[in-house]
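One file, final-v6.cif, is given below (mmCIF, C-alpha atoms and all ligand atoms).
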data_coords
loop_
_atom_site.label_atom_id
_atom_site.label_comp_id
_atom_site.auth_asym_id
_atom_site.auth_seq_id
_atom_site.Cartn_x
_atom_site.Cartn_y
_atom_site.Cartn_z
CA MET E 296 104.80 77.57 96.02
CA ALA E 297 105.15 79.96 98.99
CA GLU E 298 102.02 80.94 100.81
CA ALA E 299 101.10 84.25 102.42
CA ILE E 300 98.55 84.95 105.10
CA LEU E 301 96.60 88.14 104.44
CA GLU E 302 94.50 89.83 107.08
CA VAL E 303 92.05 91.94 105.10
CA PHE E 304 89.56 94.37 106.60
CA ARG E 305 85.99 93.23 105.89
CA GLY E 306 83.20 95.58 106.82
CA ASP E 307 81.65 98.99 106.24
CA GLN E 308 80.88 102.23 108.09
CA GLN E 309 78.98 100.27 110.75
CA GLY E 310 82.12 98.32 111.65
CA GLY E 311 84.11 95.30 110.64
CA LYS E 312 87.12 93.14 111.37
CA ALA E 313 90.25 91.68 109.80
CA VAL E 314 89.63 88.32 108.13
CA ARG E 315 92.47 85.86 107.39
CA TYR E 316 93.03 84.36 103.97
CA ASN E 317 95.78 82.01 102.78
CA VAL E 318 97.05 82.97 99.34
CA PRO E 319 99.67 81.18 97.16
CA VAL E 320 102.42 83.59 96.14
CA ALA E 321 103.50 83.47 92.48
CA PRO E 322 106.64 85.23 91.16
CA GLY E 323 106.09 88.94 90.49
CA MET E 324 102.83 89.01 92.45
CA VAL E 325 101.65 92.30 93.98
CA VAL E 326 99.21 92.82 96.85
CA LEU E 327 96.42 93.66 94.39
CA ASP E 328 96.94 90.22 92.77
CA ALA E 329 96.57 88.63 96.20
CA LEU E 330 93.24 90.41 96.71
CA HIS E 331 92.14 89.30 93.26
CA TYR E 332 93.03 85.72 94.23
CA ILE E 333 90.86 86.11 97.33
CA GLN E 334 88.00 87.49 95.21
CA GLY E 335 88.38 84.65 92.69
CA HIS E 336 88.75 81.73 95.10
CA LEU E 337 87.77 82.58 98.67
CA ALA E 338 85.52 85.64 99.02
CA PRO E 339 83.81 86.80 95.80
CA ASP E 340 82.10 89.68 97.64
CA LEU E 341 85.40 91.34 98.66
CA ALA E 342 85.27 94.99 97.52
CA VAL E 343 88.47 96.33 95.90
CA ARG E 344 88.82 99.43 93.73
CA TRP E 345 91.36 99.39 90.94
CA ASN E 346 91.64 100.28 87.27
CA CYS E 347 95.09 100.29 85.69
CA LYS E 348 97.26 97.87 87.71
CA ALA E 349 100.13 100.05 86.53
CA ALA E 350 100.44 102.62 89.36
CA LYS E 351 98.88 105.31 87.20
CA CYS E 352 95.16 105.61 88.00
CA GLY E 353 95.49 106.13 91.76
CA SER E 354 92.48 103.91 92.60
CA CYS E 355 94.01 101.06 94.59
CA SER E 356 95.28 103.04 97.59
CA ALA E 357 95.15 101.19 100.91
CA GLU E 358 97.22 100.60 104.05
CA VAL E 359 99.45 97.56 103.68
CA ASN E 360 101.19 96.54 106.90
CA GLY E 361 100.13 99.93 108.26
CA ARG E 362 101.74 101.97 105.49
CA PRO E 363 99.75 103.86 102.85
CA ARG E 364 100.57 102.34 99.46
CA LEU E 365 99.28 101.55 96.02
CA MET E 366 98.37 97.85 96.17
CA CYS E 367 99.33 97.38 92.53
CA LYS E 368 102.82 98.72 93.17
CA THR E 369 103.51 96.72 96.34
CA ARG E 370 105.26 93.46 95.55
CA MET E 371 104.54 90.49 97.78
CA ASP E 372 108.22 89.50 97.76
CA ALA E 373 109.08 92.89 99.29
CA LEU E 374 106.96 92.09 102.36
CA PRO E 375 107.87 89.71 105.21
CA LEU E 376 105.87 86.55 104.44
CA ASP E 377 106.62 84.91 107.79
CA GLN E 378 103.90 87.03 109.38
CA PRO E 379 100.40 88.05 108.24
CA ILE E 380 100.19 90.94 105.77
CA THR E 381 97.51 93.39 106.84
CA VAL E 382 95.43 95.22 104.22
CA PHE E 383 93.21 97.97 105.57
CA PRO E 384 91.32 100.88 103.98
CA MET E 385 92.79 104.40 104.13
CA LYS E 386 92.07 105.66 107.63
CA SER E 387 91.41 109.31 106.76
CA PHE E 388 88.38 108.60 104.56
CA PRO E 389 85.04 106.94 105.33
CA VAL E 390 84.88 103.25 104.46
CA ILE E 391 82.37 102.28 101.78
CA LYS E 392 83.07 98.55 101.89
CA ASP E 393 86.11 96.46 102.83
CA VAL E 394 89.19 98.29 101.50
CA VAL E 395 87.25 100.80 99.39
CA THR E 396 86.94 104.31 100.82
CA ASP E 397 84.88 107.36 99.90
CA VAL E 398 87.36 109.99 98.68
CA SER E 399 84.73 112.41 97.31
CA TRP E 400 85.68 115.11 99.87
CA ASN E 401 88.84 115.63 97.81
CA TYR E 402 86.85 116.53 94.71
CA LYS E 403 84.94 119.16 96.68
CA VAL E 404 88.22 120.75 97.77
CA ASN E 405 89.41 120.67 94.18
CA GLN E 406 86.39 122.69 93.06
CA THR E 407 87.39 125.60 95.32
CA ILE E 408 90.63 126.17 93.36
CA PRO E 409 90.42 128.67 90.48
CA PRO E 410 91.67 126.97 87.31
CA PHE E 411 94.53 128.10 85.08
CA THR E 412 93.68 131.60 83.83
CA PRO E 413 96.13 132.98 81.25
CA ARG E 414 96.77 136.71 81.09
CA PRO E 415 94.76 138.26 78.23
CA GLY E 416 96.85 138.52 75.06
CA VAL E 417 99.76 136.63 76.63
CA GLU E 418 102.46 135.28 74.34
CA TRP E 419 102.36 131.47 74.60
CA LYS E 420 106.06 131.00 75.24
CA MET E 421 107.71 129.47 78.31
CA TYR E 422 111.28 128.79 79.35
CA GLN E 423 112.12 125.10 79.68
CA GLU E 424 112.94 125.56 83.38
CA ASP E 425 109.40 126.87 83.98
CA VAL E 426 107.97 123.86 82.12
CA ASP E 427 110.09 121.51 84.23
CA ARG E 428 109.03 123.19 87.48
CA VAL E 429 105.29 122.77 86.91
CA GLN E 430 105.65 119.38 85.20
CA GLU E 431 106.53 117.77 88.53
CA PHE E 432 103.18 118.81 89.99
CA ARG E 433 101.26 117.49 87.00
CA LYS E 434 102.54 113.96 87.67
CA CYS E 435 99.99 113.64 90.50
CA ILE E 436 97.72 110.58 89.99
CA GLU E 437 95.26 111.60 92.74
CA CYS E 438 95.85 108.47 94.79
CA PHE E 439 95.28 110.58 97.95
CA LEU E 440 97.92 108.64 99.89
CA CYS E 441 99.41 111.99 100.92
CA GLN E 442 96.01 113.16 102.17
CA ASN E 443 95.63 109.90 104.07
CA VAL E 444 98.95 110.15 105.88
CA CYS E 445 98.82 113.87 106.73
CA HIS E 446 98.24 114.18 110.48
CA VAL E 447 96.16 117.35 110.05
CA LEU E 448 93.50 115.24 108.32
CA ARG E 449 94.26 111.79 109.76
CA ASP E 450 94.59 112.61 113.46
CA HIS E 451 92.97 116.03 113.79
CA ALA E 452 90.17 115.70 111.18
CA LYS E 453 90.55 119.32 110.04
CA GLN E 454 88.81 118.68 106.72
CA GLU E 455 86.78 121.87 107.14
CA GLN E 456 89.89 124.06 107.49
CA PHE E 457 92.61 122.28 105.52
CA GLY E 458 92.91 121.29 101.87
CA GLY E 459 95.77 118.84 102.25
CA PRO E 460 99.03 118.19 100.39
CA ARG E 461 97.44 116.98 97.15
CA PHE E 462 95.82 120.37 96.69
CA PHE E 463 98.93 122.30 97.63
CA VAL E 464 100.53 120.38 94.77
CA ARG E 465 97.72 121.45 92.42
CA VAL E 466 97.88 125.08 93.53
CA ALA E 467 101.68 125.06 93.18
CA GLY E 468 101.32 123.92 89.56
CA LEU E 469 99.02 126.88 88.89
CA GLU E 470 100.79 129.53 90.98
CA MET E 471 104.19 128.73 89.48
CA HIS E 472 102.87 128.75 85.92
CA PRO E 473 104.43 131.86 84.32
CA LEU E 474 101.38 132.54 82.10
CA ASP E 475 98.77 132.33 84.86
CA SER E 476 97.19 135.55 86.12
CA VAL E 477 95.33 134.58 89.31
CA SER E 478 96.68 134.83 92.87
CA ARG E 479 95.57 131.97 95.10
CA ALA E 480 97.42 133.25 98.18
CA ARG E 481 94.26 134.20 100.08
CA LEU E 482 92.68 130.84 99.23
CA LEU E 483 95.79 129.09 100.55
CA LYS E 484 95.71 131.08 103.77
CA ASP E 485 91.98 131.13 104.52
CA GLU E 486 90.27 128.19 102.81
CA LEU E 487 93.06 125.64 102.34
CA GLY E 488 94.67 126.42 105.71
CA ILE E 489 98.29 126.04 104.60
CA GLY E 490 99.39 127.48 107.96
CA LEU E 491 98.28 124.22 109.63
CA CYS E 492 100.99 122.29 107.78
CA ASN E 493 104.06 121.97 109.97
CA ILE E 494 106.28 120.49 107.25
CA THR E 495 106.60 116.99 108.67
CA LYS E 496 107.20 115.66 105.13
CA CYS E 497 105.10 112.51 105.71
CA CYS E 498 103.18 113.33 102.52
CA THR E 499 106.38 113.39 100.47
CA GLU E 500 107.46 110.02 101.88
CA VAL E 501 104.37 108.17 100.61
CA CYS E 502 103.94 109.83 97.20
CA PRO E 503 104.21 107.07 94.54
CA GLU E 504 105.11 109.68 91.91
CA ASP E 505 108.03 110.96 94.00
CA ILE E 506 106.70 114.50 93.93
CA ARG E 507 108.70 116.54 96.43
CA ILE E 508 105.48 117.84 97.92
CA THR E 509 106.92 119.64 100.92
CA ASP E 510 110.11 121.10 99.48
CA ASN E 511 108.88 122.04 96.02
CA ALA E 512 105.18 122.83 96.58
CA ILE E 513 104.31 123.58 100.20
CA ILE E 514 107.34 125.59 101.33
CA PRO E 515 107.32 127.97 98.31
CA LEU E 516 103.55 128.43 98.74
CA LYS E 517 103.97 129.20 102.44
CA GLU E 518 106.56 131.80 101.46
CA ARG E 519 104.09 133.38 99.04
CA VAL E 520 101.44 133.61 101.75
CA VAL E 521 103.94 135.15 104.19
CA ASP E 522 105.10 137.67 101.55
CA GLU E 523 101.52 138.57 100.71
CA PHE E 524 100.05 138.87 104.19
CA TYR E 525 102.78 139.07 106.85
CA ASP E 526 105.81 140.88 105.38
CA PRO E 527 106.08 144.01 107.59
CA LEU E 528 107.69 146.11 104.83
CA LEU E 529 105.01 145.22 102.28
CA MET E 530 102.33 145.84 104.91
CA LEU E 531 103.76 149.33 105.47
CA VAL E 532 103.90 150.05 101.73
CA ARG E 533 100.27 148.95 101.36
CA LYS E 534 99.22 151.14 104.30
CA ILE E 535 100.95 154.18 102.78
CA ARG E 536 99.37 153.49 99.39
CA SER E 537 95.86 153.11 100.81
CA ALA E 538 96.34 156.29 102.94
CA LYS E 539 97.33 158.20 99.77
CA THR E 540 94.29 156.97 97.84
CA ALA E 541 91.88 157.58 100.76
S1 LIG H 1 104.21 118.24 105.39
FE1 LIG H 1 102.31 119.33 105.82
S2 LIG H 1 100.86 118.57 104.31
FE2 LIG H 1 102.60 117.11 104.36
S3 LIG H 1 101.98 115.53 105.81
FE3 LIG H 1 103.14 117.07 106.97
S4 LIG H 1 101.59 118.49 107.79
FE4 LIG H 1 100.60 117.31 106.13
S1 LIG H 2 100.73 114.22 95.37
FE1 LIG H 2 101.49 112.09 95.25
S2 LIG H 2 100.60 111.06 97.03
FE2 LIG H 2 99.47 112.96 96.74
S3 LIG H 2 97.69 112.41 95.50
FE3 LIG H 2 99.30 113.09 94.08
S4 LIG H 2 100.41 111.24 93.50
FE4 LIG H 2 99.19 110.71 95.30
S1 LIG H 3 95.26 100.04 89.96
FE1 LIG H 3 95.75 101.99 89.14
S2 LIG H 3 97.15 102.79 90.58
FE2 LIG H 3 96.82 100.77 91.28
#
Can I see the file as structure tokens?
Ligand code: SF4
Ligand code: SF4
Ligand code: FES
Amino acid sequence: MAEAILEVFRGDQQGGKAVRYNVPVAPGMVVLDALHYIQGHLAPDLAVRWNCKAAKCGSCSAEVNGRPRLMCKTRMDALPLDQPITVFPMKSFPVIKDVVTDVSWNYKVNQTIPPFTPRPGVEWKMYQEDVDRVQEFRKCIECFLCQNVCHVLRDHAKQEQFGGPRFFVRVAGLEMHPLDSVSRARLLKDELGIGLCNITKCCTEVCPEDIRITDNAIIPLKERVVDEFYDPLLMLVRKIRSAKTA
């Protein structure tokens, strides 16, 4: 049986280091299986978060060979076994223990977003193309890999000013819902800081649900913010209107 060397981060917020483990590789094995082998045979105190092992709960996010991935969706036979496989916690979030990070900041951002609010008395009918458009955004499993890779959070630590791609996806699902009645344009501009996104598309590249985060969520939302706050013609119309009502 082939053997892999894993270098797994062991530590907490005070610090830590990569520790080497030799793991036998069985057919069909994923990185999460390798960590379970380590827990079962070599280091029972290794902390790993997971739930579904089916790429659907979003709990097992980590950095494997430096790339943000779901450990349960990363096959060992897709990695080069002639060199150590590194498994580190997501860099953009505080480490709790080993490869488990504290992602609770995301839930605080989520609470700032007004939920779906249908227009009073609206007829509950939608075109299929509208259903399809918002359906993509509802595939999100909240793995936060996109948040982890986004340089605004990862390298510039702008958590106070920037909501991150996962929440642009959520807002897109609400803003593009034809029955919703709330505008979240000011929230996007002021609280979620969508202007800080410079469309590098790194978030889209790591999304395990293949959501086209940048093209289908962020760019249309940026356009809405520009229309709402920076379109010179609309600004003029608003000025005239407010002068008339003054
Ligand atoms: S496209 Fe925007 S949100 Fe996505 S990773 Fe780049 S800067 Fe971040
Ligand atoms: S948008 Fe994709 S990468 Fe981001 S949290 Fe949702 S599923 Fe994960
Ligand atoms: S264990 Fe659920 S996504 Fe990996």
E:Asp485, E:Asp427, E:Asp475, E:Glu298: which is nearest E:Arg414, counting all atoms listed in the file?
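Of E:Asp485, E:Asp427, E:Asp475, E:Glu298, the one nearest E:Arg414 is E:Asp475, counting all atoms listed in the file.
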List every residue of chain E that has an atom at most 10 Å from any atom of ligand LIG 2 (chain H), and for each one report the closest atom pair and its distance in Å to one decimal, counting all atoms listed in the file, with rows sorted by chain and then by increasing residue number, as CSV.
residue,atom,partner,partner_atom,distance
E:Ala350,CA,H:LIG2,S4,9.6
E:Lys351,CA,H:LIG2,S4,8.8
E:Cys352,CA,H:LIG2,S4,9.5
E:Gly353,CA,H:LIG2,FE4,6.9
E:Ser354,CA,H:LIG2,FE4,9.9
E:Ser356,CA,H:LIG2,FE4,8.9
E:Pro363,CA,H:LIG2,S2,9.3
E:Arg364,CA,H:LIG2,S2,9.1
E:Leu365,CA,H:LIG2,FE4,9.2
E:Asn401,CA,H:LIG2,S3,9.7
E:Glu431,CA,H:LIG2,S1,9.6
E:Phe432,CA,H:LIG2,S1,7.5
E:Arg433,CA,H:LIG2,FE3,8.6
E:Lys434,CA,H:LIG2,S4,6.8
E:Cys435,CA,H:LIG2,FE3,3.7
E:Ile436,CA,H:LIG2,S4,4.5
E:Glu437,CA,H:LIG2,S3,3.8
E:Cys438,CA,H:LIG2,FE4,4.1
E:Phe439,CA,H:LIG2,S3,3.9
E:Leu440,CA,H:LIG2,S2,4.6
E:Cys441,CA,H:LIG2,S2,4.2
E:Gln442,CA,H:LIG2,FE2,6.4
E:Asn443,CA,H:LIG2,S2,8.7
E:Val444,CA,H:LIG2,S2,9.0
E:Gly459,CA,H:LIG2,FE2,8.9
E:Pro460,CA,H:LIG2,FE2,6.4
E:Arg461,CA,H:LIG2,FE2,4.5
E:Phe462,CA,H:LIG2,S1,8.0
E:Phe463,CA,H:LIG2,S1,8.6
E:Val464,CA,H:LIG2,S1,6.2
E:Arg465,CA,H:LIG2,S1,8.4
E:Cys497,CA,H:LIG2,S2,9.9
E:Cys498,CA,H:LIG2,S2,6.5
E:Thr499,CA,H:LIG2,S2,7.1
E:Glu500,CA,H:LIG2,S2,8.5
E:Val501,CA,H:LIG2,S2,5.9
E:Cys502,CA,H:LIG2,S2,3.6
E:Pro503,CA,H:LIG2,S4,5.7
E:Glu504,CA,H:LIG2,S4,5.2
E:Asp505,CA,H:LIG2,FE1,6.8
E:Ile506,CA,H:LIG2,FE1,5.9
E:Arg507,CA,H:LIG2,S1,8.4
E:Ile508,CA,H:LIG2,S1,6.5
E:Thr509,CA,H:LIG2,S1,9.9
E:Ala512,CA,H:LIG2,S1,9.8
Identify which of the residues E:Ala349, E:Ile513, E:Ala338, E:Val390 lies closest to E:Gly311, counting all atoms listed in the file when measuring atom-to-atom distances.
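Of E:Ala349, E:Ile513, E:Ala338, E:Val390, the one nearest E:Gly311, counting all atoms listed in the file, is E:Val390.
Restricting the calculation to all atoms listed in the file, the smallest distance between E:Leu337 and any of E:Pro527, E:Phe388, E:Arg315, E:Ala321 is found for E:Arg315.
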So the first atom is atom CA of E:Lys517 and the second is atom CA of E:Ala480; what is the distance between them in Å, to one decimal place?
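These atoms are spaced 8.8 Å apart.
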Hey, what's within 9 Å of E:Gly323 if we count only C-alpha atoms and toss same-chain stuff fewer than 2 positions away? As an mmCIF file with C-alpha atoms, in the coordinates of the input, please?
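Wrote out.cif, looks like this:
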data_model
loop_
_atom_site.group_PDB
_atom_site.id
_atom_site.type_symbol
_atom_site.label_atom_id
_atom_site.label_comp_id
_atom_site.auth_asym_id
_atom_site.auth_seq_id
_atom_site.Cartn_x
_atom_site.Cartn_y
_atom_site.Cartn_z
ATOM 1 C CA VAL E 320 102.420 83.590 96.140
ATOM 2 C CA ALA E 321 103.500 83.470 92.480
ATOM 3 C CA VAL E 325 101.650 92.300 93.980
ATOM 4 C CA ARG E 370 105.260 93.460 95.550
ATOM 5 C CA MET E 371 104.540 90.490 97.780
ATOM 6 C CA ASP E 372 108.220 89.500 97.760
#
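Closest approach to ligand LIG 3 (chain H) among E:Leu491, E:Met421, E:Leu327, E:Leu531 is made by E:Leu327 (distances from only C-alpha atoms and all ligand atoms).
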Please list as a list in words every residue within 10 Å of E:Ile408, counting all atoms listed in the file and excluding residues in the same chain fewer than 3 positions away.
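With the cut-off at 10 Å, the set is Lys403, Val404, Asn405, Phe411, Phe462, Arg465, Val466, Leu469, Arg479, Leu482, Leu483, Glu486 and Leu487 of chain E.
With only C-alpha atoms and all ligand atoms as the atoms that count, the residue of E:Lys368, E:Arg481, E:Lys386, E:Lys534 with the shortest distance to ligand LIG 3 (chain H) is E:Lys368.
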Best match for closeness to E:Arg344 among E:Cys367, E:Cys492, E:Ala297, E:Leu529, counting only C-alpha atoms:
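Counting only C-alpha atoms, the residue closest to E:Arg344 is E:Cys367.
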Quick one: distance from atom CA of E:Val318 to atom CA of E:Pro379 in Å, one decimal?
10.8 Å
Could you tell me how far atom S1 of ligand LIG 3 (chain H) lies from atom CA of E:Met366, in Å and to one decimal?
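Separation of atom S1 of ligand LIG 3 (chain H) and atom CA of E:Met366: 7.3 Å.
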Can you pull out the residues contacting E:Lys392? Cut-off 8 Å, using all atoms listed in the file, and skip same-chain residues under 2 positions away; I want them as a ChimeraX atom specification.
/E:305-308,342,390,394-396
Near E:Lys484, within 12 Å and counting only C-alpha atoms, which residues show up once chain neighbours fewer than 5 positions away are dropped, as a PyMOL selection string?
chain E and resi 456-458+463+478-479+489-492+513+516-525
Kindly reconstruct stretch 391-402 of chain E with all heavy atoms and present the result as a compact mmCIF listing (two decimals), in the coordinates of the input.
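What landed in rebuild05.txt:
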# COMPACT_ATOMS: atom_id res chain seq x y z
N ILE E 391 83.61 102.66 102.48
CA ILE E 391 82.37 102.28 101.78
C ILE E 391 82.15 100.79 102.03
O ILE E 391 81.15 100.39 102.61
CB ILE E 391 82.46 102.58 100.27
CG1 ILE E 391 82.62 104.10 100.05
CG2 ILE E 391 81.22 102.06 99.55
CD1 ILE E 391 82.84 104.50 98.60
N LYS E 392 83.14 99.99 101.62
CA LYS E 392 83.07 98.55 101.89
C LYS E 392 84.47 97.97 101.80
O LYS E 392 85.21 98.29 100.86
CB LYS E 392 82.14 97.86 100.88
CG LYS E 392 81.90 96.39 101.14
CD LYS E 392 80.87 95.83 100.16
CE LYS E 392 80.51 94.38 100.39
NZ LYS E 392 81.53 93.43 100.63
N ASP E 393 84.82 97.16 102.78
CA ASP E 393 86.11 96.46 102.83
C ASP E 393 87.28 97.46 102.69
O ASP E 393 87.42 98.32 103.53
CB ASP E 393 86.14 95.34 101.77
CG ASP E 393 84.98 94.36 101.98
OD1 ASP E 393 84.50 94.26 103.13
OD2 ASP E 393 84.53 93.75 101.01
N VAL E 394 88.06 97.36 101.60
CA VAL E 394 89.19 98.29 101.50
C VAL E 394 88.89 99.49 100.60
O VAL E 394 89.79 100.25 100.24
CB VAL E 394 90.49 97.56 101.04
CG1 VAL E 394 90.97 96.61 102.11
CG2 VAL E 394 90.31 96.85 99.72
N VAL E 395 87.64 99.67 100.26
CA VAL E 395 87.25 100.80 99.39
C VAL E 395 86.75 101.96 100.25
O VAL E 395 85.87 101.78 101.10
CB VAL E 395 86.15 100.37 98.40
CG1 VAL E 395 85.71 101.57 97.55
CG2 VAL E 395 86.65 99.25 97.50
N THR E 396 87.32 103.14 100.02
CA THR E 396 86.94 104.31 100.82
C THR E 396 86.27 105.37 99.93
O THR E 396 86.44 105.39 98.71
CB THR E 396 88.18 104.95 101.48
OG1 THR E 396 89.20 105.07 100.50
CG2 THR E 396 88.66 104.14 102.66
N ASP E 397 85.55 106.26 100.60
CA ASP E 397 84.88 107.36 99.90
C ASP E 397 85.82 108.57 99.91
O ASP E 397 86.01 109.22 100.94
CB ASP E 397 83.57 107.68 100.64
CG ASP E 397 82.85 108.87 100.02
OD1 ASP E 397 83.34 109.41 99.01
OD2 ASP E 397 81.80 109.27 100.57
N VAL E 398 86.39 108.88 98.75
CA VAL E 398 87.36 109.99 98.68
C VAL E 398 86.73 111.24 98.07
O VAL E 398 87.43 112.15 97.63
CB VAL E 398 88.63 109.58 97.88
CG1 VAL E 398 89.41 108.50 98.61
CG2 VAL E 398 88.29 109.11 96.47
N SER E 399 85.41 111.32 98.03
CA SER E 399 84.73 112.41 97.31
C SER E 399 85.00 113.78 97.94
O SER E 399 84.91 114.80 97.25
CB SER E 399 83.23 112.15 97.22
OG SER E 399 82.70 111.95 98.49
N TRP E 400 85.34 113.82 99.24
CA TRP E 400 85.68 115.11 99.87
C TRP E 400 86.79 115.81 99.08
O TRP E 400 86.78 117.03 98.90
CB TRP E 400 86.12 114.87 101.32
CG TRP E 400 86.77 116.07 101.94
CD1 TRP E 400 86.15 117.17 102.45
CD2 TRP E 400 88.18 116.30 102.09
NE1 TRP E 400 87.08 118.07 102.91
CE2 TRP E 400 88.33 117.57 102.70
CE3 TRP E 400 89.33 115.57 101.77
CZ2 TRP E 400 89.59 118.11 103.01
CZ3 TRP E 400 90.57 116.10 102.08
CH2 TRP E 400 90.68 117.36 102.68
N ASN E 401 87.73 115.04 98.57
CA ASN E 401 88.84 115.63 97.81
C ASN E 401 88.35 116.40 96.58
O ASN E 401 88.89 117.44 96.24
CB ASN E 401 89.81 114.54 97.36
CG ASN E 401 90.52 113.91 98.53
OD1 ASN E 401 91.43 114.51 99.11
ND2 ASN E 401 90.09 112.72 98.93
N TYR E 402 87.33 115.87 95.93
CA TYR E 402 86.85 116.53 94.71
C TYR E 402 86.14 117.84 95.05
O TYR E 402 86.15 118.78 94.26
CB TYR E 402 85.95 115.57 93.92
CG TYR E 402 86.65 114.27 93.62
CD1 TYR E 402 86.16 113.04 94.05
CD2 TYR E 402 87.87 114.28 92.94
CE1 TYR E 402 86.85 111.88 93.80
CE2 TYR E 402 88.57 113.11 92.68
CZ TYR E 402 88.06 111.91 93.11
OH TYR E 402 88.75 110.75 92.88
